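First the structure, in the form of structure tokens, and then the observations on it.
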Amino acid sequence: MASVFFRFCVVVLFVSGWAVAPALSRSNDRIFDYFTLSLSWSPTYCSSKSGRKDRNQCQSGRRYAFVVHGLWPQYENGWPQYCKTNHYWVGRGQIKRMLDIMPSKRLIIHEWKKHGTCSRLGQKEYFKLVRTLYKKILTPARYIAPSRPLLITPETLISDFIKTNKGLKASMLSVQCGNSRNRARLSELRICFSKKGQLIDCGANERRKCRAKTLVLPPVR
Ligand code: U2P
């Protein structure tokens, strides 16, 4: 009975377009629509339970600010993940080449397996595109290495990025933060790109945004 009810709920969610969830398939057959580059605010991650155990990214002296979380091939609604590949292994050289902007070996391997395999690119090309898109976005000066907490609004973060990056619009960005409506830590800034690597408006996946009045950016360590 419970399983019939569960199946009914899944069908209702998909038919009504409410399900912003991964496609439940491990195949490459449906082509994705656009890319999301997800930039993580490293100090927020480092103050979390898992971040505190992550010496590579978070030990003192690792003064990371925005780092790459991942480059995600997206459907307009939902996304493919863990696609078929003959190239599961991520070699040491590839990992080393990415560590400056993606400072975690585990994350690099995970992002390739979960998202890169669905990009229709080889592994080398995928990571090359990660860097190319990351370099397209200039970080406004105040977010490069703040030594004190920044208390701003989500709108300020967006407008600072827009001022610094020609061609960038609010509709191409999505700020992610903790759940509080009052004050929450910045977790990520997501930026949407076409399959050709041009800035574009985001899709339904990015509609869920930070709703906090005040956004807290812990300082770099
Ligand atoms: O948001 C939680 C995790 O879900 C995955 N995600 C989220 C939004 C989206 O548009 N695409 C997507 O893949 C991310 O999973 P991860 O890559 O970290 O395993 C995100 O962290």
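Residues in the structure tokens are named by chain (A, B, ... in the order shown) and by number from 1 within that chain; ligands are numbered from 1 in the order shown.
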
Within 12 Å of Gln198 (chain A), counting only C-alpha atoms, which residues show up once you throw out same-chain ones fewer than 2 positions away? Write them as a list in words, please. Tyr34, Phe35, Thr36, Leu37, Leu129, Thr132, Leu133, Lys136, Ile137, Gly167, Leu168, Met172, Ile191, Cys192, Phe193, Ser194, Lys195, Lys196, Ile200, Asp201 and Cys202 of chain A

With C-alpha atoms retained, export the selected residues as an mmCIF file, in the first residue's frame.
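Result file is part_37.cif:
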data_model
loop_
_atom_site.group_PDB
_atom_site.id
_atom_site.type_symbol
_atom_site.label_atom_id
_atom_site.label_comp_id
_atom_site.auth_asym_id
_atom_site.auth_seq_id
_atom_site.Cartn_x
_atom_site.Cartn_y
_atom_site.Cartn_z
ATOM 1 C CA TYR A 34 22.508 23.830 -19.975
ATOM 2 C CA PHE A 35 25.342 23.905 -17.437
ATOM 3 C CA THR A 36 25.393 25.232 -13.904
ATOM 4 C CA LEU A 37 28.714 26.201 -12.425
ATOM 5 C CA LEU A 129 35.648 23.428 -19.351
ATOM 6 C CA THR A 132 37.372 27.920 -18.590
ATOM 7 C CA LEU A 133 33.970 28.765 -17.108
ATOM 8 C CA LYS A 136 35.036 33.689 -17.063
ATOM 9 C CA ILE A 137 33.622 34.867 -13.744
ATOM 10 C CA GLY A 167 27.057 40.542 -19.539
ATOM 11 C CA LEU A 168 26.074 38.940 -16.238
ATOM 12 C CA MET A 172 21.821 33.989 -14.562
ATOM 13 C CA ILE A 191 25.945 30.562 -12.451
ATOM 14 C CA CYS A 192 24.257 29.262 -15.590
ATOM 15 C CA PHE A 193 25.924 28.696 -18.949
ATOM 16 C CA SER A 194 24.765 27.393 -22.299
ATOM 17 C CA LYS A 195 26.240 24.179 -23.629
ATOM 18 C CA LYS A 196 28.571 26.416 -25.642
ATOM 19 C CA ILE A 200 22.407 32.331 -19.940
ATOM 20 C CA ASP A 201 19.338 32.599 -17.721
ATOM 21 C CA CYS A 202 19.028 29.786 -15.229
#

Which neighbours of region 175-182 of chain A fall inside 7 Å, counting only C-alpha atoms, when residues of the same chain fewer than 2 positions from it are skipped, and could you give them as a list in words? Pro154, Leu173, Ala184, Arg185, Leu186, Ser187, Glu188, Leu189, Arg190, Lys209, Cys210, Arg211, Ala212, Lys213 and Thr214 of chain A

As a PyMOL selection string, please: every residue in region 132-170 of chain A that DSSP puts in helix (DSSP H, G or I). chain A and resi 132-136+141-143+154-164+170

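Take CA of Arg148 (chain A) and CA of Arg221 (chain A): the distance between them is 9.6 Å.
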
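Considering the residues A:Ser42, A:Ser147, A:Asn56, A:Gln74 and counting only C-alpha atoms and all ligand atoms, ligand 1 has its shortest atom-to-atom contact with A:Gln74.
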